[in-house]
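Reproduced below: my_file_11.cif, with mmCIF, C-alpha atoms, pLDDT in the B column; chains and numbers go by the auth columns.
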data_model
loop_
_atom_site.group_PDB
_atom_site.id
_atom_site.type_symbol
_atom_site.label_atom_id
_atom_site.label_comp_id
_atom_site.label_asym_id
_atom_site.label_seq_id
_atom_site.Cartn_x
_atom_site.Cartn_y
_atom_site.Cartn_z
_atom_site.B_iso_or_equiv
_atom_site.auth_seq_id
_atom_site.auth_asym_id
ATOM 1 C CA MET A 1 -31.042 10.006 4.384 87.00 22 A
ATOM 2 C CA GLY A 2 -28.848 7.298 5.897 93.00 23 A
ATOM 3 C CA TRP A 3 -26.401 6.736 8.727 91.00 24 A
ATOM 4 C CA ILE A 4 -24.415 3.946 10.371 93.00 25 A
ATOM 5 C CA THR A 5 -24.616 3.584 14.132 92.00 26 A
ATOM 6 C CA GLN A 6 -21.272 3.196 15.873 87.00 27 A
ATOM 7 C CA PRO A 7 -19.977 0.800 18.562 83.00 28 A
ATOM 8 C CA PRO A 8 -20.464 -0.155 21.325 80.00 29 A
ATOM 9 C CA GLY A 9 -23.314 -2.465 20.432 78.00 30 A
ATOM 10 C CA ILE A 10 -24.449 -3.859 17.094 85.00 31 A
ATOM 11 C CA SER A 11 -23.931 -1.369 14.280 93.00 32 A
ATOM 12 C CA GLU A 12 -26.640 -0.803 11.698 94.00 33 A
ATOM 13 C CA PHE A 13 -27.004 1.035 8.400 95.00 34 A
ATOM 14 C CA ASN A 14 -30.353 2.805 8.808 93.00 35 A
ATOM 15 C CA ILE A 15 -32.324 5.173 6.609 92.00 36 A
ATOM 16 C CA ARG A 16 -35.379 7.391 6.744 90.00 37 A
ATOM 17 C CA THR A 17 -37.186 8.382 3.555 89.00 38 A
ATOM 18 C CA SER A 18 -39.328 11.378 2.677 83.00 39 A
ATOM 19 C CA GLN A 19 -42.073 11.318 0.054 83.00 40 A
ATOM 20 C CA ASP A 20 -42.957 15.024 0.328 81.00 41 A
ATOM 21 C CA GLY A 21 -39.768 16.971 -0.252 82.00 42 A
ATOM 22 C CA GLU A 22 -38.334 16.455 3.231 81.00 43 A
ATOM 23 C CA THR A 23 -41.345 17.931 5.046 86.00 44 A
ATOM 24 C CA THR A 24 -41.942 14.635 6.836 85.00 45 A
ATOM 25 C CA PHE A 25 -39.986 11.378 7.067 85.00 46 A
ATOM 26 C CA ASP A 26 -41.083 7.748 7.246 85.00 47 A
ATOM 27 C CA MET A 27 -40.107 5.477 10.105 86.00 48 A
ATOM 28 C CA GLU A 28 -36.517 4.293 10.378 89.00 49 A
ATOM 29 C CA THR A 29 -35.610 1.277 8.212 92.00 50 A
ATOM 30 C CA MET A 30 -32.515 -0.917 8.538 94.00 51 A
ATOM 31 C CA VAL A 31 -30.552 -1.584 5.360 95.00 52 A
ATOM 32 C CA ALA A 32 -28.144 -4.062 6.977 95.00 53 A
ATOM 33 C CA SER A 33 -26.146 -4.921 10.062 95.00 54 A
ATOM 34 C CA VAL A 34 -22.604 -3.581 9.771 96.00 55 A
ATOM 35 C CA VAL A 35 -19.289 -4.616 11.305 95.00 56 A
ATOM 36 C CA VAL A 36 -17.550 -1.269 11.709 95.00 57 A
ATOM 37 C CA LEU A 37 -13.873 -1.107 10.780 94.00 58 A
ATOM 38 C CA PRO A 38 -11.186 -0.560 13.394 93.00 59 A
ATOM 39 C CA SER A 39 -9.826 2.954 13.105 92.00 60 A
ATOM 40 C CA PRO A 40 -7.059 3.155 12.077 95.00 61 A
ATOM 41 C CA LEU A 41 -7.020 0.064 9.877 95.00 62 A
ATOM 42 C CA PRO A 42 -4.310 -2.466 10.821 94.00 63 A
ATOM 43 C CA GLY A 43 -0.981 -1.337 9.378 93.00 64 A
ATOM 44 C CA TYR A 44 -2.041 2.282 8.880 96.00 65 A
ATOM 45 C CA GLN A 45 -2.190 5.491 10.926 96.00 66 A
ATOM 46 C CA PHE A 46 -5.033 7.413 9.257 95.00 67 A
ATOM 47 C CA ARG A 47 -8.488 7.398 10.785 94.00 68 A
ATOM 48 C CA CYS A 48 -11.015 5.307 8.870 93.00 69 A
ATOM 49 C CA MET A 49 -14.549 6.307 9.762 91.00 70 A
ATOM 50 C CA THR A 50 -17.404 4.186 8.391 92.00 71 A
ATOM 51 C CA TYR A 51 -19.817 6.331 6.381 89.00 72 A
ATOM 52 C CA PRO A 52 -22.757 5.263 4.184 94.00 73 A
ATOM 53 C CA SER A 53 -23.349 6.338 0.601 94.00 74 A
ATOM 54 C CA LEU A 54 -26.732 6.260 -1.168 96.00 75 A
ATOM 55 C CA SER A 55 -27.907 6.956 -4.705 96.00 76 A
ATOM 56 C CA GLY A 56 -31.110 6.453 -6.680 95.00 77 A
ATOM 57 C CA ASP A 57 -31.847 5.591 -10.301 95.00 78 A
ATOM 58 C CA ILE A 58 -33.820 8.401 -11.972 95.00 79 A
ATOM 59 C CA SER A 59 -33.229 7.143 -15.510 94.00 80 A
ATOM 60 C CA ASN A 60 -35.990 6.078 -17.865 93.00 81 A
ATOM 61 C CA VAL A 61 -34.723 2.485 -18.013 95.00 82 A
ATOM 62 C CA PRO A 62 -37.817 0.453 -17.005 95.00 83 A
ATOM 63 C CA ALA A 63 -35.877 -2.405 -15.392 94.00 84 A
ATOM 64 C CA THR A 64 -33.999 -0.223 -12.918 95.00 85 A
ATOM 65 C CA ARG A 65 -35.769 3.139 -12.613 96.00 86 A
ATOM 66 C CA GLY A 66 -36.557 3.815 -8.947 95.00 87 A
ATOM 67 C CA ASN A 67 -33.892 1.479 -7.563 96.00 88 A
ATOM 68 C CA ILE A 68 -32.044 2.794 -4.522 96.00 89 A
ATOM 69 C CA TYR A 69 -28.466 1.630 -3.948 98.00 90 A
ATOM 70 C CA ALA A 70 -26.650 1.694 -0.609 97.00 91 A
ATOM 71 C CA VAL A 71 -22.907 1.093 -0.231 98.00 92 A
ATOM 72 C CA TRP A 72 -20.587 1.016 2.762 97.00 93 A
ATOM 73 C CA GLN A 73 -17.338 -0.484 4.023 96.00 94 A
ATOM 74 C CA ASP A 74 -17.667 -3.553 6.257 97.00 95 A
ATOM 75 C CA TYR A 75 -15.240 -5.596 8.363 96.00 96 A
ATOM 76 C CA ARG A 76 -17.398 -8.718 8.655 94.00 97 A
ATOM 77 C CA GLU A 77 -14.751 -10.957 7.053 95.00 98 A
ATOM 78 C CA GLY A 78 -11.870 -9.577 9.151 95.00 99 A
ATOM 79 C CA TYR A 79 -10.764 -7.030 6.543 96.00 100 A
ATOM 80 C CA SER A 80 -12.406 -4.002 4.960 97.00 101 A
ATOM 81 C CA ASP A 81 -14.570 -4.694 1.931 98.00 102 A
ATOM 82 C CA ILE A 82 -17.188 -2.756 -0.039 98.00 103 A
ATOM 83 C CA TYR A 83 -20.776 -3.980 0.305 98.00 104 A
ATOM 84 C CA LEU A 84 -23.891 -3.017 -1.651 98.00 105 A
ATOM 85 C CA SER A 85 -27.602 -3.512 -1.020 98.00 106 A
ATOM 86 C CA ILE A 86 -30.486 -2.664 -3.335 98.00 107 A
ATOM 87 C CA SER A 87 -34.054 -1.543 -2.645 96.00 108 A
ATOM 88 C CA THR A 88 -36.607 -1.838 -5.438 95.00 109 A
ATOM 89 C CA ASN A 89 -39.483 -0.354 -3.422 93.00 110 A
ATOM 90 C CA PHE A 90 -38.170 3.068 -2.397 88.00 111 A
ATOM 91 C CA GLY A 91 -36.303 1.930 0.684 90.00 112 A
ATOM 92 C CA VAL A 92 -39.015 -0.172 2.326 91.00 113 A
ATOM 93 C CA ASN A 93 -37.105 -3.442 1.885 93.00 114 A
ATOM 94 C CA TRP A 94 -33.449 -4.155 1.122 96.00 115 A
ATOM 95 C CA GLU A 95 -31.800 -7.120 -0.571 96.00 116 A
ATOM 96 C CA THR A 96 -29.068 -9.201 1.085 96.00 117 A
ATOM 97 C CA PRO A 97 -25.787 -7.225 1.011 97.00 118 A
ATOM 98 C CA MET A 98 -23.090 -8.411 -1.386 97.00 119 A
ATOM 99 C CA PRO A 99 -19.385 -7.523 -1.734 97.00 120 A
ATOM 100 C CA ILE A 100 -18.607 -5.758 -5.005 98.00 121 A
ATOM 101 C CA ALA A 101 -14.850 -4.951 -4.997 97.00 122 A
ATOM 102 C CA ASP A 102 -13.725 -8.416 -6.171 95.00 123 A
ATOM 103 C CA SER A 103 -10.293 -7.777 -4.657 96.00 124 A
ATOM 104 C CA PRO A 104 -7.973 -10.384 -3.084 95.00 125 A
ATOM 105 C CA VAL A 105 -9.021 -11.762 0.289 96.00 126 A
ATOM 106 C CA GLY A 106 -7.436 -9.706 3.064 96.00 127 A
ATOM 107 C CA SER A 107 -6.940 -6.530 1.031 97.00 128 A
ATOM 108 C CA GLN A 108 -8.378 -3.316 2.445 97.00 129 A
ATOM 109 C CA ASN A 109 -11.092 -1.515 0.466 98.00 130 A
ATOM 110 C CA PHE A 110 -12.742 1.538 1.981 97.00 131 A
ATOM 111 C CA PHE A 111 -14.404 4.981 1.651 97.00 132 A
ATOM 112 C CA PRO A 112 -16.884 4.023 -1.106 97.00 133 A
ATOM 113 C CA ALA A 113 -18.853 6.685 -2.988 96.00 134 A
ATOM 114 C CA ILE A 114 -21.750 5.791 -5.275 97.00 135 A
ATOM 115 C CA THR A 115 -23.204 7.613 -8.280 96.00 136 A
ATOM 116 C CA VAL A 116 -25.944 6.415 -10.656 96.00 137 A
ATOM 117 C CA SER A 117 -26.162 7.618 -14.244 94.00 138 A
ATOM 118 C CA PRO A 118 -29.397 9.537 -14.867 94.00 139 A
ATOM 119 C CA SER A 119 -29.374 8.497 -18.520 92.00 140 A
ATOM 120 C CA ASP A 120 -28.893 4.725 -18.465 93.00 141 A
ATOM 121 C CA GLY A 121 -28.958 3.715 -14.786 95.00 142 A
ATOM 122 C CA ALA A 122 -25.331 2.541 -14.689 95.00 143 A
ATOM 123 C CA VAL A 123 -24.037 2.224 -11.116 97.00 144 A
ATOM 124 C CA PHE A 124 -20.553 3.539 -10.271 97.00 145 A
ATOM 125 C CA VAL A 125 -18.774 3.010 -6.936 97.00 146 A
ATOM 126 C CA SER A 126 -15.317 4.505 -6.416 97.00 147 A
ATOM 127 C CA TYR A 127 -13.160 3.480 -3.444 97.00 148 A
ATOM 128 C CA TYR A 128 -9.650 3.308 -2.045 97.00 149 A
ATOM 129 C CA THR A 129 -7.866 -0.054 -2.033 98.00 150 A
ATOM 130 C CA ASN A 130 -4.449 -1.535 -1.295 97.00 151 A
ATOM 131 C CA ARG A 131 -5.005 -4.465 -3.679 97.00 152 A
ATOM 132 C CA VAL A 132 -2.161 -3.589 -6.096 96.00 153 A
ATOM 133 C CA ASN A 133 0.887 -2.732 -3.996 96.00 154 A
ATOM 134 C CA PRO A 134 0.118 -2.874 -0.249 96.00 155 A
ATOM 135 C CA PRO A 135 0.429 -0.918 1.930 97.00 156 A
ATOM 136 C CA ASP A 136 0.297 1.775 -0.768 97.00 157 A
ATOM 137 C CA LEU A 137 -3.129 2.772 -2.009 97.00 158 A
ATOM 138 C CA GLU A 138 -4.958 3.020 -5.322 96.00 159 A
ATOM 139 C CA VAL A 139 -8.408 4.216 -6.376 97.00 160 A
ATOM 140 C CA PHE A 140 -10.633 1.713 -8.167 97.00 161 A
ATOM 141 C CA LEU A 141 -14.070 1.943 -9.741 97.00 162 A
ATOM 142 C CA ALA A 142 -16.745 -0.754 -9.567 97.00 163 A
ATOM 143 C CA THR A 143 -19.232 -0.429 -12.440 96.00 164 A
ATOM 144 C CA SER A 144 -22.559 -2.208 -12.925 97.00 165 A
ATOM 145 C CA ARG A 145 -24.698 -1.941 -16.042 95.00 166 A
ATOM 146 C CA ASP A 146 -27.313 -4.504 -14.996 95.00 167 A
ATOM 147 C CA GLY A 147 -28.901 -2.828 -11.988 95.00 168 A
ATOM 148 C CA GLY A 148 -26.273 -3.763 -9.430 96.00 169 A
ATOM 149 C CA ILE A 149 -26.369 -7.512 -10.108 96.00 170 A
ATOM 150 C CA THR A 150 -22.765 -7.757 -11.356 97.00 171 A
ATOM 151 C CA PHE A 151 -19.805 -5.374 -11.179 98.00 172 A
ATOM 152 C CA ILE A 152 -16.591 -4.902 -13.138 97.00 173 A
ATOM 153 C CA ASN A 153 -13.717 -3.298 -11.212 97.00 174 A
ATOM 154 C CA THR A 154 -11.190 -1.071 -12.984 96.00 175 A
ATOM 155 C CA ARG A 155 -8.222 0.976 -11.819 96.00 176 A
ATOM 156 C CA LEU A 156 -8.563 4.780 -11.887 95.00 177 A
ATOM 157 C CA THR A 157 -5.154 5.718 -10.506 95.00 178 A
ATOM 158 C CA THR A 158 -2.097 5.299 -12.715 94.00 179 A
ATOM 159 C CA THR A 159 0.307 4.645 -9.839 95.00 180 A
ATOM 160 C CA SER A 160 0.189 3.552 -6.212 97.00 181 A
ATOM 161 C CA PHE A 161 0.701 6.213 -3.540 97.00 182 A
ATOM 162 C CA SER A 162 1.945 6.032 0.039 97.00 183 A
ATOM 163 C CA VAL A 163 -0.044 7.162 3.074 96.00 184 A
ATOM 164 C CA ALA A 164 2.623 6.162 5.600 94.00 185 A
ATOM 165 C CA GLY A 165 2.415 8.204 8.768 93.00 186 A
ATOM 166 C CA LEU A 166 -0.603 10.247 7.708 94.00 187 A
ATOM 167 C CA PRO A 167 -3.279 10.686 10.418 94.00 188 A
ATOM 168 C CA VAL A 168 -5.945 11.794 7.897 93.00 189 A
ATOM 169 C CA ILE A 169 -6.339 11.211 4.149 92.00 190 A
ATOM 170 C CA GLY A 170 -9.549 13.136 3.646 83.00 191 A
ATOM 171 C CA ASP A 171 -12.123 10.614 4.937 81.00 192 A
ATOM 172 C CA TYR A 172 -13.942 10.708 1.636 80.00 193 A
ATOM 173 C CA ILE A 173 -13.932 10.433 -2.126 93.00 194 A
ATOM 174 C CA GLY A 174 -16.413 11.773 -4.666 94.00 195 A
ATOM 175 C CA ASN A 175 -17.993 11.239 -8.091 94.00 196 A
ATOM 176 C CA ALA A 176 -20.136 13.247 -10.486 93.00 197 A
ATOM 177 C CA ILE A 177 -21.758 12.696 -13.866 92.00 198 A
ATOM 178 C CA VAL A 178 -20.920 15.423 -16.391 89.00 199 A
ATOM 179 C CA PRO A 179 -24.180 16.711 -17.923 84.00 200 A
ATOM 180 C CA GLN A 180 -24.838 15.979 -21.596 78.00 201 A
ATOM 181 C CA THR A 181 -21.897 13.553 -21.890 82.00 202 A
ATOM 182 C CA ASP A 182 -22.740 10.955 -19.198 83.00 203 A
ATOM 183 C CA ARG A 183 -19.032 10.988 -18.379 90.00 204 A
ATOM 184 C CA LEU A 184 -18.190 9.949 -14.818 93.00 205 A
ATOM 185 C CA VAL A 185 -15.472 11.904 -13.017 94.00 206 A
ATOM 186 C CA THR A 186 -13.917 11.088 -9.641 95.00 207 A
ATOM 187 C CA VAL A 187 -11.841 13.097 -7.152 95.00 208 A
ATOM 188 C CA TRP A 188 -9.696 11.711 -4.337 95.00 209 A
ATOM 189 C CA THR A 189 -6.726 12.453 -2.059 94.00 210 A
ATOM 190 C CA ASP A 190 -3.365 11.354 -3.513 94.00 211 A
ATOM 191 C CA THR A 191 0.256 11.733 -2.342 94.00 212 A
ATOM 192 C CA ARG A 192 2.233 10.690 -5.433 94.00 213 A
ATOM 193 C CA THR A 193 3.965 14.094 -5.636 94.00 214 A
ATOM 194 C CA GLY A 194 5.078 13.917 -2.006 93.00 215 A
ATOM 195 C CA ILE A 195 2.224 15.948 -0.521 92.00 216 A
ATOM 196 C CA GLU A 196 -1.487 15.362 -0.030 93.00 217 A
ATOM 197 C CA ASN A 197 -3.405 16.878 -2.914 92.00 218 A
ATOM 198 C CA ILE A 198 -6.716 16.505 -4.722 92.00 219 A
ATOM 199 C CA TRP A 199 -6.572 14.405 -7.884 93.00 220 A
ATOM 200 C CA PHE A 200 -9.107 14.019 -10.659 89.00 221 A
ATOM 201 C CA GLY A 201 -9.776 11.176 -13.054 87.00 222 A
ATOM 202 C CA ASP A 202 -12.498 9.617 -15.180 81.00 223 A
ATOM 203 C CA ASN A 203 -13.603 6.255 -16.461 69.00 224 A
ATOM 204 C CA GLN A 204 -13.084 6.983 -20.147 56.00 225 A
#

Please lay out the structure from this file as structure tokens.
Amino acid sequence: MGWITQPPGISEFNIRTSQDGETTFDMETMVASVVVLPSPLPGYQFRCMTYPSLSGDISNVPATRGNIYAVWQDYREGYSDIYLSISTNFGVNWETPMPIADSPVGSQNFFPAITVSPSDGAVFVSYYTNRVNPPDLEVFLATSRDGGITFINTRLTTTSFSVAGLPVIGDYIGNAIVPQTDRLVTVWTDTRTGIENIWFGDNQ
């Protein structure tokens, strides 16, 4: 399990792992230091809490099986970006965090959710972004098929949507792998029809 400590003070993404079905937990381990976003983000009204997202590779791909991936939003560059860190030893040690959204400098990217394919170990991270038509939002997907080393970002939404004046846009986003097909599906909050509603899309 993981959490991000909140200001005041230095924020950290920490985890504790269990090797016995959650009967006992190992000592706390830090994934990375985190610069927590201001809430709301500049130019917006909705709250923007900083949550972690974790997923493990249970595929039979020898190169990546057992990897644990951690993602979060971080304000270390003065804008919100999506960062990822990898552990190859079950959460004992974590690699240097890297940004994965590949969006223009200064754009806001937030609320990441990670899912790893149980069949081939592909890593999927969905997130909100204003990279296309700011301040309106889109949902993008960052995909890695080499164990989190490189990512390709693609657009899931078909149109930008406005969140002007909204105090809450859901605080989250979600993914799932459809059994038997390895098809990734994503759900998010969208206002394109004039009201907040739940939208569904996939990466096919």

Which residues match the PyMOL selection byres ((chain A and resi 155) around 10) in the file above, as an MDAnalysis selection string?
-> chainID A and resid 64 128:129 150:154 156:159 181:183

Go through A:Phe34, A:Val144, A:Ser124, A:Pro61 one by one, measure the shortest atom-to-atom distance of each to Trp93 in chain A using all atoms listed in the file, and give the residue with the smallest value.
->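 Nearest to Trp93 in chain A: A:Phe34.
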
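Considering all atoms listed in the file, the residue among A:Asp141, A:Asp78, A:Glu217, A:Asp95 positioned nearest to Ile121 in chain A is A:Asp95.
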
The PyMOL selection byres ((chain A and resi 99) around 12) resolved against shown file, as a PyMOL selection string = chain A and resi 56-59+62-63+94-98+100-102+126-130

Wanna dump the range 23-132 of chain A-range 162-165 of chain A contacts at 10 Å for me, each residue with its shortest atom pair and the distance in Å to one decimal, counting all atoms listed in the file, ordered by chain and number, as a tab-separated table?
residue	atom	partner	partner_atom	distance
A:Ile103	CA	A:Ala163	CA	9.7
A:Ile121	CA	A:Ala163	CA	7.0
A:Ala122	CA	A:Ala163	CA	6.5
A:Asp123	CA	A:Ala163	CA	8.9
